[in-house]
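Engineer: Just dropping this structure here.
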Amino acid sequence: MKKIEQIYDDFVDIISNEELESLAEKYDIVDKRIRRLPIRIFFWLMVLSACIPGVRGGLMQLVAFFIASLCQLFPAEKALSLTRMAISKKLKAHSWFFFRAVYSKLLERYVAMLDVDDRCFLSHFKDSFAIDSSVIRINRILEKVFASVHKGQAAIKLHVKFSIRNLTATKVQVTESKRHDSRFRGITGESNILYLFDLAYFAFYRFEKIMEAGSFFVSRLKSCCDPLIVAVEQKQWKHLIGKKLSEVIPLLNPNIPLDVTVKLSSSKQSKFKRVC
């Protein structure tokens with residue numbers, strides 16, 4: 001995994017601190033006085049915390065990450081002490097329009113960096129959907145209705161199906177946080193749709209449903225899943241047929257895709273197209 005400093009440098013190359021401050025001024029969230037945690041630094045720490053798996057899970061982890069990363073990324077700033085309440089108030093105080101504006105700016109910059117052919121990639125599909133969920137802790141008095149994975153706590157899970165083409169949520173569902181993401185019914189029988197989801201939605205039956213409908217999906221592969229390669233599109237890689245995916249990953253160039261068909265023995269349909 002990249003070091004936090006490298007991840008930060010990559011992001012700043014796309015949108016500068018000056019642009020961030022300009023957007024903050026536009027949405028009236030400029031720091032009125034000298035703060036221990038300026039909006040610019042707060043924004044970047046929030047973004048970077050999402051890149052580090054160990055930080056997810058609660059405000060305590062977020063506080064620890066903020067304090068440790070501040071020393072690494074912003075050594076000129078004074079060392080600070082933070083509490084969960086301080087970060088919670090910071091999140092509540094700032095308009096979400098600011099974060100949406102930054103997100104839109106990042107998308108514009110990213111699209112501009114793509115080759116012309118890549119910019120038109122999503123136009124090949126009738127629609128493209130990103131599916132994800134977030135857990136929000138609530139008062140424990142609601143534990144019987146919205147049980148948490150943590151005993152004695154209550155939390156809701158917010159599932160969202162977001163249309164990338166129309167930039168709008170087409171389905172929102174609220175459940176108890178104990179309910180697994182794989183039970184979210186966001187996949188339809190519509191053809192020529194592209195779905196993007198993370199490992200929480202990884203399920204063979206879901207892949208089969210998408211393929212039977214004539215649609216497509218993008219997902220990471222679970223570490224415990226090591227499929228057998230049964231066909232390869234590129235002629236120069238035909239010798240990989242019959243090997244396990246784990247055997248060929250070290251041989252691949254991460255910047256050049258490999259189009260293969262793999263067999264998953266525990267799947268009913270068993271064969272899937274996969275691009276590494």
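Every chain in the structure tokens takes a letter, A first, then B, and so on in the order presented; its residues are numbered from 1, and the ligands are numbered from 1 following the presented order.
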Using backbone DSSP assignments, extract all helix (DSSP H, G or I) residues from segment 20-217 of chain A; output them as an NGL selection string.
Structural biologist: :A and (20-26 or 39-49 or 53-55 or 59-73 or 84-93 or 96-113 or 116-119 or 121-124 or 140-142 or 181-183 or 199-201 or 204-212)
Engineer: Considering only C-alpha atoms, can you say which of A:Leu20, A:Ala169, A:Phe204, A:Ile29 comes closest to Lys92 of chain A?
Structural biologist: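 Closest to Lys92 of chain A, using only C-alpha atoms: A:Ile29.
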Engineer: Enumerate, in order of chain and increasing residue number, the residues of segment 144-217 of chain A with an atom no farther than 7 Å from segment 120-131 of chain A, each with its shortest atom pair and distance in Å to one decimal, counting only C-alpha atoms, as a tab-separated table.
Structural biologist:
```
residue	atom	partner	partner_atom	distance
A:Val160	CA	A:Ile131	CA	5.8
A:Lys161	CA	A:Ile131	CA	4.6
A:Phe162	CA	A:Ala130	CA	5.2
A:Ser163	CA	A:Phe129	CA	4.6
A:Ile164	CA	A:Ser128	CA	5.5
A:Arg165	CA	A:Asp127	CA	6.1
A:Asn192	CA	A:Phe125	CA	5.4
A:Ile193	CA	A:Asp127	CA	5.3
A:Leu194	CA	A:Ser128	CA	4.6
A:Tyr195	CA	A:Phe129	CA	5.0
A:Leu196	CA	A:Ala130	CA	4.7
A:Phe197	CA	A:Ile131	CA	5.2
```
Engineer: Restricted to N, CA and C atoms, what would the selected residues look like written as a tab-separated table (two decimals), in the first residue's frame?
Structural biologist:
```
chain	number	residue	atom	x	y	z
A	160	VAL	N	-26.99	2.74	-0.84
A	160	VAL	CA	-27.30	3.67	-1.93
A	160	VAL	C	-26.88	3.07	-3.27
A	161	LYS	N	-27.78	3.19	-4.23
A	161	LYS	CA	-27.48	2.84	-5.63
A	161	LYS	C	-27.43	4.16	-6.39
A	162	PHE	N	-26.24	4.51	-6.87
A	162	PHE	CA	-26.02	5.84	-7.45
A	162	PHE	C	-25.76	5.75	-8.94
A	163	SER	N	-26.53	6.50	-9.73
A	163	SER	CA	-26.35	6.52	-11.17
A	163	SER	C	-25.21	7.46	-11.53
A	164	ILE	N	-24.15	6.92	-12.11
A	164	ILE	CA	-22.99	7.73	-12.49
A	164	ILE	C	-23.34	8.61	-13.68
A	165	ARG	N	-24.19	8.12	-14.55
A	165	ARG	CA	-24.57	8.90	-15.74
A	165	ARG	C	-25.45	10.09	-15.36
A	192	ASN	N	-27.34	-4.52	-20.36
A	192	ASN	CA	-26.35	-3.50	-20.73
A	192	ASN	C	-26.16	-2.43	-19.65
A	193	ILE	N	-26.12	-2.89	-18.38
A	193	ILE	CA	-25.87	-2.01	-17.25
A	193	ILE	C	-24.49	-2.36	-16.67
A	194	LEU	N	-23.75	-1.35	-16.23
A	194	LEU	CA	-22.46	-1.57	-15.57
A	194	LEU	C	-22.62	-1.29	-14.08
A	195	TYR	N	-22.26	-2.28	-13.25
A	195	TYR	CA	-22.34	-2.13	-11.80
A	195	TYR	C	-20.93	-2.07	-11.20
A	196	LEU	N	-20.73	-1.17	-10.25
A	196	LEU	CA	-19.47	-1.07	-9.54
A	196	LEU	C	-19.75	-1.23	-8.05
A	197	PHE	N	-19.08	-2.19	-7.39
A	197	PHE	CA	-19.29	-2.38	-5.96
A	197	PHE	C	-18.04	-2.96	-5.34
```
Engineer: State, in Å with one decimal place, the distance from atom CA of Ile136 of chain A to atom CA of Lys157 of chain A.
Structural biologist: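 Distance reported for this atom pair: 6.4 Å.
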Engineer: Mind pulling up the distance from atom CA of Asp28 of chain A to atom CA of Leu106 of chain A?
Structural biologist: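 Atom CA of Leu106 of chain A sits 19.8 Å away from atom CA of Asp28 of chain A.
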Engineer: At a cut-off of 10 Å, using only C-alpha atoms, what residues contact segment 22-27 of chain A? Leave out same-chain residues fewer than 3 positions from it and give the result as a list in words.
Structural biologist: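 Contacts, in chain order: Ser16, Asn17, Glu18, Glu19, Val30, Asp31, Ile39, Arg40, His94, Ser95, Trp96, Phe97, Phe98, Phe99, Ala101, Val102 and Lys105 of chain A.
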Engineer: Give me, as number ranges by chain, all polymer residues having an atom no more than 12 Å from Leu158 of chain A, counting only C-alpha atoms and skipping those fewer than 4 positions away in the same chain.
Structural biologist: A: 131-137, 146, 169, 171-181, 184
Engineer: Write a file of the just-selected residues containing N, CA and C atoms, as a short mmCIF file (atom, residue, chain, number, x, y, z; two decimals), in the first residue's frame.
Structural biologist:
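The file below, part-v9.cif, is the result:
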```cif
data_model
loop_
_atom_site.label_atom_id
_atom_site.label_comp_id
_atom_site.auth_asym_id
_atom_site.auth_seq_id
_atom_site.Cartn_x
_atom_site.Cartn_y
_atom_site.Cartn_z
N ILE A 131 -22.67 1.07 -6.20
CA ILE A 131 -23.46 0.60 -5.07
C ILE A 131 -22.57 0.54 -3.84
N ASP A 132 -23.01 1.17 -2.76
CA ASP A 132 -22.19 1.19 -1.54
C ASP A 132 -23.09 1.45 -0.34
N SER A 133 -22.50 1.35 0.85
CA SER A 133 -23.27 1.59 2.08
C SER A 133 -22.41 2.30 3.12
N SER A 134 -23.08 2.96 4.06
CA SER A 134 -22.40 3.62 5.18
C SER A 134 -23.15 3.28 6.46
N VAL A 135 -22.39 3.14 7.55
CA VAL A 135 -22.98 2.84 8.85
C VAL A 135 -22.97 4.10 9.70
N ILE A 136 -24.12 4.40 10.31
CA ILE A 136 -24.25 5.59 11.15
C ILE A 136 -24.73 5.15 12.53
N ARG A 137 -23.96 5.47 13.54
CA ARG A 137 -24.34 5.10 14.90
C ARG A 137 -25.44 6.03 15.41
N PHE A 146 -32.72 -1.13 15.37
CA PHE A 146 -31.54 -1.02 14.52
C PHE A 146 -30.33 -1.57 15.27
N ALA A 169 -29.01 9.48 -6.88
CA ALA A 169 -29.31 8.20 -6.23
C ALA A 169 -30.64 7.68 -6.75
N LYS A 171 -31.80 4.53 -5.77
CA LYS A 171 -32.40 3.69 -4.74
C LYS A 171 -31.65 3.92 -3.43
N VAL A 172 -32.40 4.12 -2.35
CA VAL A 172 -31.83 4.29 -1.01
C VAL A 172 -32.59 3.39 -0.06
N GLN A 173 -31.87 2.64 0.75
CA GLN A 173 -32.51 1.72 1.69
C GLN A 173 -31.82 1.82 3.04
N VAL A 174 -32.63 1.91 4.11
CA VAL A 174 -32.11 1.98 5.47
C VAL A 174 -32.41 0.66 6.18
N THR A 175 -31.37 0.05 6.76
CA THR A 175 -31.54 -1.21 7.48
C THR A 175 -30.75 -1.15 8.78
N GLU A 176 -30.91 -2.18 9.60
CA GLU A 176 -30.05 -2.29 10.78
C GLU A 176 -28.63 -2.56 10.30
N SER A 177 -27.63 -2.11 11.06
CA SER A 177 -26.25 -2.24 10.59
C SER A 177 -25.77 -3.68 10.57
N LYS A 178 -26.46 -4.58 11.31
CA LYS A 178 -26.07 -5.99 11.33
C LYS A 178 -26.37 -6.68 10.00
N ARG A 179 -27.29 -6.11 9.25
CA ARG A 179 -27.68 -6.73 7.98
C ARG A 179 -26.54 -6.63 6.98
N HIS A 180 -26.18 -7.76 6.38
CA HIS A 180 -25.04 -7.79 5.45
C HIS A 180 -25.37 -7.05 4.16
N ASP A 181 -24.35 -6.39 3.61
CA ASP A 181 -24.53 -5.62 2.38
C ASP A 181 -25.04 -6.47 1.22
N PHE A 184 -28.69 -6.35 -0.03
CA PHE A 184 -29.26 -5.17 -0.69
C PHE A 184 -29.68 -5.54 -2.11
#
```
Engineer: List every residue of segment 49-274 of chain A that DSSP, applied to the backbone, labels as strand (DSSP E or B), and write the result as a PyMOL selection string.
Structural biologist: chain A and resi 127-138+147+154-163+168-176+193-197+216-218+228-232+244+259-263+271-274
Engineer: One number please: atom CA of Thr261 of chain A to atom CA of Ala231 of chain A, in Å, one decimal.
Structural biologist: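 Separation between atom CA of Thr261 of chain A and atom CA of Ala231 of chain A: 5.0 Å.
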